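Chemist: Sharing run33.cif, mmCIF, C-alpha atoms:
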```cif
data_start
#
loop_
_atom_site.group_PDB
_atom_site.id
_atom_site.type_symbol
_atom_site.label_atom_id
_atom_site.label_comp_id
_atom_site.auth_asym_id
_atom_site.auth_seq_id
_atom_site.Cartn_x
_atom_site.Cartn_y
_atom_site.Cartn_z
ATOM 1 C CA GLN A 1 0.713 -17.493 8.239
ATOM 2 C CA GLY A 2 -3.081 -17.510 8.196
ATOM 3 C CA VAL A 3 -3.151 -15.591 4.908
ATOM 4 C CA VAL A 4 -4.868 -16.082 1.570
ATOM 5 C CA TRP A 5 -2.950 -14.132 -1.053
ATOM 6 C CA LYS A 6 -4.166 -12.753 -4.376
ATOM 7 C CA THR A 7 -2.492 -11.652 -7.590
ATOM 8 C CA GLY A 8 -3.730 -10.100 -10.809
ATOM 9 C CA PRO A 9 -5.097 -12.156 -13.726
ATOM 10 C CA HIS A 10 -1.593 -12.442 -15.172
ATOM 11 C CA GLY A 11 0.275 -12.950 -11.891
ATOM 12 C CA GLY A 12 2.467 -10.294 -10.401
ATOM 13 C CA THR A 13 3.228 -9.240 -6.866
ATOM 14 C CA PRO A 14 0.822 -10.883 -4.422
ATOM 15 C CA SER A 15 -1.163 -8.968 -1.852
ATOM 16 C CA ILE A 16 -3.122 -10.157 1.158
ATOM 17 C CA TRP A 17 -6.771 -10.919 0.329
ATOM 18 C CA VAL A 18 -7.676 -12.122 3.828
ATOM 19 C CA THR A 19 -5.883 -12.924 7.050
ATOM 20 C CA ASP A 20 -7.573 -14.260 10.174
ATOM 21 C CA LYS A 21 -6.845 -16.368 13.257
ATOM 22 C CA LEU A 22 -9.233 -19.031 11.849
ATOM 23 C CA LEU A 23 -6.697 -19.537 9.055
ATOM 24 C CA THR A 24 -3.784 -20.233 11.444
ATOM 25 C CA THR A 25 -3.143 -23.329 13.518
ATOM 26 C CA THR A 26 -1.169 -24.730 16.415
ATOM 27 C CA GLY A 27 -2.374 -28.228 15.488
ATOM 28 C CA VAL A 28 -0.863 -31.206 13.701
ATOM 29 C CA PRO A 29 0.084 -31.074 10.902
ATOM 30 C CA PRO A 30 1.200 -27.464 11.394
ATOM 31 C CA PHE A 31 -0.428 -26.217 8.186
ATOM 32 C CA GLY A 32 -3.175 -23.617 8.540
ATOM 33 C CA ALA A 33 -4.800 -22.184 5.409
ATOM 34 C CA ASN A 34 -4.239 -24.742 2.700
ATOM 35 C CA GLY A 35 -6.654 -25.678 -0.113
ATOM 36 C CA VAL A 36 -8.997 -22.966 -1.415
ATOM 37 C CA GLU A 37 -11.969 -22.980 -3.780
ATOM 38 C CA PHE A 38 -14.866 -20.670 -4.644
ATOM 39 C CA ASN A 39 -18.453 -21.886 -4.642
ATOM 40 C CA ASN A 40 -20.363 -21.749 -7.928
ATOM 41 C CA GLU A 41 -21.851 -18.315 -7.222
ATOM 42 C CA ARG A 42 -18.334 -17.081 -6.406
ATOM 43 C CA ASP A 43 -19.709 -15.336 -3.333
ATOM 44 C CA THR A 44 -17.851 -17.568 -0.873
ATOM 45 C CA MET A 45 -14.318 -18.952 -0.785
ATOM 46 C CA PHE A 46 -13.801 -22.136 1.206
ATOM 47 C CA VAL A 47 -10.404 -22.569 2.849
ATOM 48 C CA ALA A 48 -9.191 -25.838 4.351
ATOM 49 C CA ASN A 49 -7.335 -25.402 7.650
ATOM 50 C CA THR A 50 -5.330 -28.607 7.891
ATOM 51 C CA GLY A 51 -4.059 -28.371 11.475
ATOM 52 C CA ASN A 52 -7.428 -27.278 12.881
ATOM 53 C CA ASN A 53 -9.407 -29.909 10.906
ATOM 54 C CA THR A 54 -11.783 -27.181 9.721
ATOM 55 C CA LEU A 55 -13.286 -25.815 6.562
ATOM 56 C CA VAL A 56 -13.525 -22.026 6.772
ATOM 57 C CA ALA A 57 -15.984 -19.961 4.702
ATOM 58 C CA VAL A 58 -14.863 -16.497 3.626
ATOM 59 C CA PRO A 59 -17.663 -14.351 2.160
ATOM 60 C CA VAL A 60 -16.770 -12.380 -0.970
ATOM 61 C CA LYS A 61 -18.113 -8.834 -0.920
ATOM 62 C CA GLY A 62 -19.523 -7.126 -4.014
ATOM 63 C CA ASP A 63 -16.239 -5.302 -4.603
ATOM 64 C CA GLY A 64 -14.294 -8.586 -4.456
ATOM 65 C CA SER A 65 -12.815 -8.000 -1.012
ATOM 66 C CA ALA A 66 -13.037 -10.592 1.752
ATOM 67 C CA GLY A 67 -15.714 -10.598 4.415
ATOM 68 C CA THR A 68 -15.288 -12.039 7.897
ATOM 69 C CA PRO A 69 -14.191 -15.713 7.898
ATOM 70 C CA ALA A 70 -16.254 -18.250 9.857
ATOM 71 C CA VAL A 71 -15.838 -21.957 10.516
ATOM 72 C CA PHE A 72 -18.136 -23.779 8.102
ATOM 73 C CA ALA A 73 -17.378 -27.395 9.107
ATOM 74 C CA ASN A 74 -15.344 -29.031 11.866
ATOM 75 C CA SER A 75 -13.723 -32.454 12.247
ATOM 76 C CA ILE A 76 -12.394 -33.030 8.722
ATOM 77 C CA HIS A 77 -9.216 -34.793 9.857
ATOM 78 C CA GLY A 78 -6.377 -32.983 8.106
ATOM 79 C CA ALA A 79 -8.543 -30.904 5.737
ATOM 80 C CA ASP A 80 -6.319 -30.278 2.734
ATOM 81 C CA GLY A 81 -7.267 -29.694 -0.905
ATOM 82 C CA VAL A 82 -10.787 -28.533 -1.764
ATOM 83 C CA ILE A 83 -12.908 -28.792 -4.907
ATOM 84 C CA ILE A 84 -16.587 -27.965 -5.436
ATOM 85 C CA ASP A 85 -18.961 -29.793 -7.770
ATOM 86 C CA LYS A 86 -21.825 -28.371 -9.857
ATOM 87 C CA HIS A 87 -24.231 -28.842 -6.909
ATOM 88 C CA ASP A 88 -21.972 -26.847 -4.536
ATOM 89 C CA ASN A 89 -20.995 -29.997 -2.651
ATOM 90 C CA ILE A 90 -17.532 -29.487 -1.203
ATOM 91 C CA TRP A 91 -15.073 -32.359 -1.679
ATOM 92 C CA VAL A 92 -12.202 -32.153 0.827
ATOM 93 C CA ALA A 93 -9.069 -34.292 0.856
ATOM 94 C CA ALA A 94 -8.711 -35.344 4.502
ATOM 95 C CA ASN A 95 -4.991 -36.076 4.614
ATOM 96 C CA GLN A 96 -4.924 -37.513 8.148
ATOM 97 C CA GLY A 97 -8.171 -39.435 7.607
ATOM 98 C CA ASP A 98 -6.939 -41.014 4.350
ATOM 99 C CA GLU A 99 -10.254 -40.244 2.697
ATOM 100 C CA ILE A 100 -12.237 -37.726 0.718
ATOM 101 C CA VAL A 101 -14.972 -36.066 2.790
ATOM 102 C CA VAL A 102 -17.919 -34.535 0.951
ATOM 103 C CA VAL A 103 -20.092 -31.936 2.683
ATOM 104 C CA ASN A 104 -23.135 -30.266 1.176
ATOM 105 C CA LYS A 105 -23.664 -26.515 1.022
ATOM 106 C CA THR A 106 -25.067 -26.533 4.580
ATOM 107 C CA GLY A 107 -21.942 -28.241 5.995
ATOM 108 C CA LYS A 108 -23.540 -31.673 6.476
ATOM 109 C CA VAL A 109 -21.312 -34.628 5.596
ATOM 110 C CA ILE A 110 -22.885 -36.611 2.771
ATOM 111 C CA ALA A 111 -20.037 -38.993 1.903
ATOM 112 C CA LYS A 112 -16.688 -40.307 3.050
ATOM 113 C CA LEU A 113 -14.907 -41.921 0.131
ATOM 114 C CA GLY A 114 -11.802 -44.022 -0.370
ATOM 115 C CA ASP A 115 -10.185 -46.761 1.638
ATOM 116 C CA PHE A 116 -6.504 -46.997 2.482
ATOM 117 C CA ASP A 117 -5.442 -50.628 2.177
ATOM 118 C CA GLY A 118 -1.708 -50.496 2.873
ATOM 119 C CA VAL A 119 1.392 -50.244 0.721
ATOM 120 C CA THR A 120 2.516 -52.796 -1.869
ATOM 121 C CA ARG A 121 5.887 -54.556 -1.619
ATOM 122 C CA ASP A 122 7.099 -52.111 -4.260
ATOM 123 C CA GLY A 123 6.201 -49.139 -2.048
ATOM 124 C CA VAL A 124 3.007 -48.018 -3.828
ATOM 125 C CA PRO A 125 0.047 -46.807 -1.715
ATOM 126 C CA ILE A 126 -3.171 -48.771 -2.149
ATOM 127 C CA GLY A 127 -5.964 -46.224 -1.896
ATOM 128 C CA PRO A 128 -5.652 -42.741 -0.394
ATOM 129 C CA LEU A 129 -2.585 -42.171 1.804
ATOM 130 C CA PHE A 130 -2.339 -38.513 2.908
ATOM 131 C CA PRO A 131 -4.520 -37.401 -0.040
ATOM 132 C CA ALA A 132 -4.217 -33.861 -1.388
ATOM 133 C CA THR A 133 -5.064 -31.666 -4.423
ATOM 134 C CA PRO A 134 -8.365 -33.141 -5.628
ATOM 135 C CA ALA A 135 -9.531 -32.472 -9.191
ATOM 136 C CA PHE A 136 -12.467 -33.717 -11.260
ATOM 137 C CA SER A 137 -12.017 -35.340 -14.659
ATOM 138 C CA ALA A 138 -13.271 -33.261 -17.599
ATOM 139 C CA ASP A 139 -16.486 -35.313 -17.752
ATOM 140 C CA GLY A 140 -16.986 -35.131 -13.957
ATOM 141 C CA GLU A 141 -17.085 -38.921 -13.622
ATOM 142 C CA TRP A 142 -13.836 -39.281 -11.659
ATOM 143 C CA LEU A 143 -12.123 -37.529 -8.790
ATOM 144 C CA TYR A 144 -8.330 -37.530 -8.971
ATOM 145 C CA PHE A 145 -6.045 -36.752 -6.025
ATOM 146 C CA THR A 146 -2.388 -37.079 -5.173
ATOM 147 C CA ASN A 147 -1.204 -39.538 -2.571
ATOM 148 C CA LEU A 148 1.220 -37.174 -0.918
ATOM 149 C CA ALA A 149 2.240 -39.903 1.564
ATOM 150 C CA LEU A 150 4.013 -37.296 3.694
ATOM 151 C CA ASP A 151 5.814 -38.679 6.743
ATOM 152 C CA LEU A 152 5.610 -35.672 9.049
ATOM 153 C CA ARG A 153 8.506 -36.998 11.143
ATOM 154 C CA ILE A 154 10.900 -35.619 8.510
ATOM 155 C CA PHE A 155 9.932 -32.154 9.819
ATOM 156 C CA GLY A 156 10.542 -33.160 13.445
ATOM 157 C CA ILE A 157 6.801 -33.517 14.093
ATOM 158 C CA THR A 158 5.535 -36.244 16.372
ATOM 159 C CA GLU A 159 4.528 -39.428 14.580
ATOM 160 C CA THR A 160 1.000 -39.517 13.197
ATOM 161 C CA VAL A 161 -1.127 -42.559 12.386
ATOM 162 C CA ASP A 162 0.175 -42.409 8.784
ATOM 163 C CA SER A 163 3.879 -41.926 9.510
ATOM 164 C CA GLN A 164 5.003 -45.545 9.406
ATOM 165 C CA TRP A 165 2.985 -46.229 6.238
ATOM 166 C CA CYS A 166 4.290 -43.081 4.558
ATOM 167 C CA ALA A 167 7.865 -44.100 5.354
ATOM 168 C CA GLN A 168 7.309 -47.285 3.284
ATOM 169 C CA VAL A 169 6.253 -45.397 0.148
ATOM 170 C CA GLN A 170 8.764 -45.507 -2.719
ATOM 171 C CA HIS A 171 6.486 -44.365 -5.566
ATOM 172 C CA TYR A 172 4.159 -41.390 -5.300
ATOM 173 C CA THR A 173 0.893 -41.731 -7.136
ATOM 174 C CA VAL A 174 -2.205 -39.995 -8.391
ATOM 175 C CA SER A 175 -5.323 -41.999 -7.557
ATOM 176 C CA ARG A 176 -8.864 -41.813 -8.801
ATOM 177 C CA ILE A 177 -12.220 -42.770 -7.420
ATOM 178 C CA LYS A 178 -15.685 -42.518 -8.918
ATOM 179 C CA ALA A 179 -17.048 -39.011 -8.270
ATOM 180 C CA ARG A 180 -20.265 -40.462 -6.950
ATOM 181 C CA ILE A 181 -22.034 -39.733 -3.708
ATOM 182 C CA PRO A 182 -23.544 -42.992 -2.442
ATOM 183 C CA PRO A 183 -27.190 -42.937 -1.368
ATOM 184 C CA ILE A 184 -27.773 -42.256 2.303
ATOM 185 C CA GLY A 185 -30.548 -43.825 4.302
ATOM 186 C CA PRO A 186 -32.105 -47.174 5.051
ATOM 187 C CA ARG A 187 -31.188 -50.000 2.734
ATOM 188 C CA ASP A 188 -33.464 -52.962 2.146
#
```
Show me the file's structure as structure tokens.

Modeler:
Amino acid sequence: QGVVWKTGPHGGTPSIWVTDKLLTTTGVPPFGANGVEFNNERDTMFVANTGNNTLVAVPVKGDGSAGTPAVFANSIHGADGVIIDKHDNIWVAANQGDEIVVVNKTGKVIAKLGDFDGVTRDGVPIGPLFPATPAFSADGEWLYFTNLALDLRIFGITETVDSQWCAQVQHYTVSRIKARIPPIGPRD
């Protein structure tokens, strides 16, 4: 629907916080606004648009209302769940890329983490397969995420690169990887 909803601190009837064409999609998968997370200053909400492969920044005004959304980063293949670390790096589960993409607060990619290595004979994904819902461990040392392993063909959507692998999954898992951004630059 291209909507981010809000409720009161104890739940209740939701109301629209922001709606915008940047939060809708005609892409694949057909999910627009998906994962959301505030930066540490709480002056910006980041919204993953899965079908558009974008991360959208929504400014938060002083009164708590939404400002005008703008694309913050492009080309995160299947941008899904979002979490932000203490340095305002944005960790995005890229469900169609089978990886976690980390961008800094300027939108520059600083890491691509995780490797999908197939499915065991028992139907368990090895590494990220359609990752979603990232969360840090309490000590910040690990990043956990679900392996949604969603075969989009069950919705009548054209096969994606993950479809045949997802169809083999018999056990859905939560995976973890070290929450560490590898050094970038020349290596001796």

Chemist: Using only C-alpha atoms for the distances, tell me which of A:Gly2, A:Gly11, A:Gly32, A:Pro183 is nearest to A:Ala111.

Modeler: A:Pro183

Chemist: In Å to one decimal, how far is atom CA of A:Asn104 from atom CA of A:Pro131?

Modeler: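 Separation of atom CA of A:Pro131 and atom CA of A:Asn104: 20.0 Å.
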
Chemist: Which is closer to A:Leu143 than all the others in A:Gly123, A:Gly114, A:Pro182, A:Gly156, using only C-alpha atoms?

Modeler: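 Once distances to A:Leu143 are computed over only C-alpha atoms, the minimum belongs to A:Gly114.
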
Chemist: I would like the residues chosen by the PyMOL selection byres ((chain A and resi 100-102) around 6) on the shown file; could you give them as an NGL selection string?

Modeler: :A and (90-94 or 99 or 103 or 109-113)

Chemist: What does the PyMOL selection byres ((chain A and resi 105) around 6) select in this file, as a ChimeraX atom specification?

Modeler: /A:88-89,104,106-107

Chemist: Selection in question (the file shown): the PyMOL selection byres ((chain A and resi 117) around 9). Which residues does it include, as a list in words?

Modeler: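 Applying the expression gives Asp115, Phe116, Gly118, Val119, Pro125, Ile126, Gly127, Pro128 and Leu129 of chain A.
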
Chemist: Would you compute the distance between atom CA of A:Ala167 and atom CA of A:Asp98? Give it in Å to one decimal.

Modeler: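 So the two atoms, atom CA of A:Ala167 and atom CA of A:Asp98, lie 15.2 Å apart.
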
Chemist: Of the candidates A:Ala48, A:Val60, A:Ala132, A:Ala179, which shows the shortest atom-to-atom distance to A:Asp85, using all atoms listed in the file?

Modeler: A:Ala179

Chemist: If we count all atoms listed in the file, what is near A:Gly64 at a cut-off of 12 Å, once residues fewer than 2 positions away on the same chain are taken out, given as an mmCIF file with C-alpha atoms, in the frame of the given file?

Modeler:
```cif
data_model
loop_
_atom_site.group_PDB
_atom_site.id
_atom_site.type_symbol
_atom_site.label_atom_id
_atom_site.label_comp_id
_atom_site.auth_asym_id
_atom_site.auth_seq_id
_atom_site.Cartn_x
_atom_site.Cartn_y
_atom_site.Cartn_z
ATOM 1 C CA LYS A 6 -4.166 -12.753 -4.376
ATOM 2 C CA TRP A 17 -6.771 -10.919 0.329
ATOM 3 C CA VAL A 18 -7.676 -12.122 3.828
ATOM 4 C CA ARG A 42 -18.334 -17.081 -6.406
ATOM 5 C CA ASP A 43 -19.709 -15.336 -3.333
ATOM 6 C CA THR A 44 -17.851 -17.568 -0.873
ATOM 7 C CA MET A 45 -14.318 -18.952 -0.785
ATOM 8 C CA VAL A 58 -14.863 -16.497 3.626
ATOM 9 C CA PRO A 59 -17.663 -14.351 2.160
ATOM 10 C CA VAL A 60 -16.770 -12.380 -0.970
ATOM 11 C CA LYS A 61 -18.113 -8.834 -0.920
ATOM 12 C CA GLY A 62 -19.523 -7.126 -4.014
ATOM 13 C CA ALA A 66 -13.037 -10.592 1.752
ATOM 14 C CA GLY A 67 -15.714 -10.598 4.415
#
```

Chemist: Quick one: pull the distance between atom CA of A:Pro9 and atom CA of A:Ile84, Å, one decimal.

Modeler: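 Separation of atom CA of A:Pro9 and atom CA of A:Ile84: 21.2 Å.
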
Chemist: Using all atoms listed in the file, which residue out of A:Gly78, A:Gly8, A:Gly140, A:Pro134 lies closest to A:Asp162?

Modeler: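 Checking each candidate against A:Asp162, we get A:Gly78 as the closest.
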
Chemist: Nearest to A:Gln168 among A:Ala149, A:Ile184, A:Phe155, A:Ser65, with distances taken over all atoms listed in the file: which residue is it?

Modeler: A:Ala149

Chemist: I'd like the neighbourhood of A:Gly51 as a CSV table (one decimal) with C-alpha atoms, in the coordinates of the input, where a residue qualifies if any of its atoms comes within 7 Å (using all atoms listed in the file), though same-chain residues fewer than 5 positions away should be ignored.

Modeler:
```
chain,number,residue,atom,x,y,z
A,25,THR,CA,-3.1,-23.3,13.5
A,26,THR,CA,-1.2,-24.7,16.4
A,27,GLY,CA,-2.4,-28.2,15.5
A,28,VAL,CA,-0.9,-31.2,13.7
A,29,PRO,CA,0.1,-31.1,10.9
A,30,PRO,CA,1.2,-27.5,11.4
A,31,PHE,CA,-0.4,-26.2,8.2
A,32,GLY,CA,-3.2,-23.6,8.5
A,78,GLY,CA,-6.4,-33.0,8.1
```

Chemist: Extending 5 Å beyond the listed atoms of stretch 110-126 of chain A on each side, what axis-aligned box results? I want centre and edge lengths in Å to one decimal, as AutoDock Vina command-line options.

Modeler:
```
--center_x -7.9 --center_y -45.6 --center_z -0.6 --size_x 40.0 --size_y 27.9 --size_z 17.3
```

Chemist: Of the candidates A:Leu23, A:Lys108, A:Val82, A:Asp63, which one gets nearest to A:Phe46 if we count all atoms listed in the file?

Modeler: A:Val82

Chemist: Using all atoms listed in the file, which protein or nucleic acid residues come within 10 Å of A:Asp20? Drop anything in the same chain fewer than 5 positions from it, and give the result as a PyMOL selection string.

Modeler: chain A and resi 1-4+33+68-70

Chemist: Output stretch 173-184 of chain A as a PDB file, in the frame of the given file, making sure all heavy atoms are there.

Modeler:
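To be explicit, this is the file written out as out-v6.pdb:
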```
ATOM      1  N   THR A 173       1.899 -41.450  -6.134  1.00  0.00           N
ATOM      2  CA  THR A 173       0.893 -41.731  -7.136  1.00  0.00           C
ATOM      3  C   THR A 173      -0.221 -40.683  -7.159  1.00  0.00           C
ATOM      4  O   THR A 173      -0.402 -39.928  -6.209  1.00  0.00           O
ATOM      5  CB  THR A 173       0.236 -43.097  -6.867  1.00  0.00           C
ATOM      6  OG1 THR A 173      -0.380 -43.067  -5.567  1.00  0.00           O
ATOM      7  CG2 THR A 173       1.250 -44.226  -6.920  1.00  0.00           C
ATOM      8  N   VAL A 174      -0.932 -40.693  -8.268  1.00  0.00           N
ATOM      9  CA  VAL A 174      -2.205 -39.995  -8.391  1.00  0.00           C
ATOM     10  C   VAL A 174      -3.253 -41.099  -8.445  1.00  0.00           C
ATOM     11  O   VAL A 174      -3.135 -42.045  -9.223  1.00  0.00           O
ATOM     12  CB  VAL A 174      -2.255 -39.122  -9.659  1.00  0.00           C
ATOM     13  CG1 VAL A 174      -3.645 -38.524  -9.850  1.00  0.00           C
ATOM     14  CG2 VAL A 174      -1.203 -38.029  -9.596  1.00  0.00           C
ATOM     15  N   SER A 175      -4.261 -41.000  -7.599  1.00  0.00           N
ATOM     16  CA  SER A 175      -5.323 -41.999  -7.557  1.00  0.00           C
ATOM     17  C   SER A 175      -6.607 -41.408  -8.094  1.00  0.00           C
ATOM     18  O   SER A 175      -6.760 -40.188  -8.191  1.00  0.00           O
ATOM     19  CB  SER A 175      -5.556 -42.472  -6.117  1.00  0.00           C
ATOM     20  OG  SER A 175      -4.449 -43.193  -5.645  1.00  0.00           O
ATOM     21  N   ARG A 176      -7.552 -42.283  -8.390  1.00  0.00           N
ATOM     22  CA  ARG A 176      -8.864 -41.813  -8.801  1.00  0.00           C
ATOM     23  C   ARG A 176      -9.924 -42.696  -8.172  1.00  0.00           C
ATOM     24  O   ARG A 176      -9.706 -43.881  -7.919  1.00  0.00           O
ATOM     25  CB  ARG A 176      -9.011 -41.775 -10.311  1.00  0.00           C
ATOM     26  CG  ARG A 176      -9.170 -43.133 -10.949  1.00  0.00           C
ATOM     27  CD  ARG A 176      -9.393 -43.022 -12.432  1.00  0.00           C
ATOM     28  NE  ARG A 176      -9.719 -44.345 -12.945  1.00  0.00           N
ATOM     29  CZ  ARG A 176     -10.104 -44.580 -14.161  1.00  0.00           C
ATOM     30  NH1 ARG A 176     -10.211 -43.594 -15.029  1.00  0.00           N
ATOM     31  NH2 ARG A 176     -10.384 -45.798 -14.548  1.00  0.00           N
ATOM     32  N   ILE A 177     -11.041 -42.057  -7.896  1.00  0.00           N
ATOM     33  CA  ILE A 177     -12.220 -42.770  -7.420  1.00  0.00           C
ATOM     34  C   ILE A 177     -13.414 -42.210  -8.194  1.00  0.00           C
ATOM     35  O   ILE A 177     -13.350 -41.099  -8.720  1.00  0.00           O
ATOM     36  CB  ILE A 177     -12.445 -42.615  -5.894  1.00  0.00           C
ATOM     37  CG1 ILE A 177     -12.562 -41.140  -5.499  1.00  0.00           C
ATOM     38  CG2 ILE A 177     -11.360 -43.311  -5.103  1.00  0.00           C
ATOM     39  CD1 ILE A 177     -12.888 -40.903  -4.033  1.00  0.00           C
ATOM     40  N   LYS A 178     -14.467 -43.001  -8.269  1.00  0.00           N
ATOM     41  CA  LYS A 178     -15.685 -42.518  -8.918  1.00  0.00           C
ATOM     42  C   LYS A 178     -16.187 -41.288  -8.164  1.00  0.00           C
ATOM     43  O   LYS A 178     -16.277 -41.299  -6.945  1.00  0.00           O
ATOM     44  CB  LYS A 178     -16.773 -43.585  -8.906  1.00  0.00           C
ATOM     45  CG  LYS A 178     -16.667 -44.593 -10.022  1.00  0.00           C
ATOM     46  CD  LYS A 178     -16.909 -43.929 -11.339  1.00  0.00           C
ATOM     47  CE  LYS A 178     -17.635 -44.826 -12.295  1.00  0.00           C
ATOM     48  NZ  LYS A 178     -17.888 -44.167 -13.565  1.00  0.00           N
ATOM     49  N   ALA A 179     -16.509 -40.229  -8.881  1.00  0.00           N
ATOM     50  CA  ALA A 179     -17.048 -39.011  -8.270  1.00  0.00           C
ATOM     51  C   ALA A 179     -18.553 -39.209  -8.107  1.00  0.00           C
ATOM     52  O   ALA A 179     -19.360 -38.618  -8.805  1.00  0.00           O
ATOM     53  CB  ALA A 179     -16.735 -37.796  -9.136  1.00  0.00           C
ATOM     54  N   ARG A 180     -18.877 -40.083  -7.173  1.00  0.00           N
ATOM     55  CA  ARG A 180     -20.265 -40.462  -6.950  1.00  0.00           C
ATOM     56  C   ARG A 180     -20.545 -40.422  -5.467  1.00  0.00           C
ATOM     57  O   ARG A 180     -19.791 -40.969  -4.670  1.00  0.00           O
ATOM     58  CB  ARG A 180     -20.499 -41.869  -7.495  1.00  0.00           C
ATOM     59  CG  ARG A 180     -21.922 -42.368  -7.366  1.00  0.00           C
ATOM     60  CD  ARG A 180     -22.096 -43.744  -7.999  1.00  0.00           C
ATOM     61  NE  ARG A 180     -21.677 -44.866  -7.167  1.00  0.00           N
ATOM     62  CZ  ARG A 180     -22.244 -45.235  -6.033  1.00  0.00           C
ATOM     63  NH1 ARG A 180     -23.225 -44.552  -5.518  1.00  0.00           N
ATOM     64  NH2 ARG A 180     -21.818 -46.292  -5.381  1.00  0.00           N
ATOM     65  N   ILE A 181     -21.626 -39.777  -5.111  1.00  0.00           N
ATOM     66  CA  ILE A 181     -22.034 -39.733  -3.708  1.00  0.00           C
ATOM     67  C   ILE A 181     -23.025 -40.876  -3.495  1.00  0.00           C
ATOM     68  O   ILE A 181     -24.097 -40.882  -4.110  1.00  0.00           O
ATOM     69  CB  ILE A 181     -22.659 -38.371  -3.354  1.00  0.00           C
ATOM     70  CG1 ILE A 181     -21.603 -37.280  -3.589  1.00  0.00           C
ATOM     71  CG2 ILE A 181     -23.181 -38.367  -1.935  1.00  0.00           C
ATOM     72  CD1 ILE A 181     -22.143 -35.879  -3.530  1.00  0.00           C
ATOM     73  N   PRO A 182     -22.647 -41.857  -2.674  1.00  0.00           N
ATOM     74  CA  PRO A 182     -23.544 -42.992  -2.442  1.00  0.00           C
ATOM     75  C   PRO A 182     -24.843 -42.552  -1.783  1.00  0.00           C
ATOM     76  O   PRO A 182     -24.872 -41.553  -1.052  1.00  0.00           O
ATOM     77  CB  PRO A 182     -22.747 -43.897  -1.494  1.00  0.00           C
ATOM     78  CG  PRO A 182     -21.350 -43.417  -1.545  1.00  0.00           C
ATOM     79  CD  PRO A 182     -21.410 -41.968  -1.939  1.00  0.00           C
ATOM     80  N   PRO A 183     -25.929 -43.283  -2.028  1.00  0.00           N
ATOM     81  CA  PRO A 183     -27.190 -42.937  -1.368  1.00  0.00           C
ATOM     82  C   PRO A 183     -27.073 -43.091   0.141  1.00  0.00           C
ATOM     83  O   PRO A 183     -26.344 -43.956   0.624  1.00  0.00           O
ATOM     84  CB  PRO A 183     -28.196 -43.930  -1.947  1.00  0.00           C
ATOM     85  CG  PRO A 183     -27.387 -45.010  -2.561  1.00  0.00           C
ATOM     86  CD  PRO A 183     -26.029 -44.454  -2.858  1.00  0.00           C
ATOM     87  N   ILE A 184     -27.778 -42.220   0.854  1.00  0.00           N
ATOM     88  CA  ILE A 184     -27.773 -42.256   2.303  1.00  0.00           C
ATOM     89  C   ILE A 184     -29.178 -42.609   2.760  1.00  0.00           C
ATOM     90  O   ILE A 184     -30.162 -42.125   2.215  1.00  0.00           O
ATOM     91  CB  ILE A 184     -27.361 -40.887   2.896  1.00  0.00           C
ATOM     92  CG1 ILE A 184     -25.934 -40.553   2.465  1.00  0.00           C
ATOM     93  CG2 ILE A 184     -27.480 -40.886   4.406  1.00  0.00           C
ATOM     94  CD1 ILE A 184     -25.476 -39.173   2.872  1.00  0.00           C
TER      95      ILE A 184
END
```
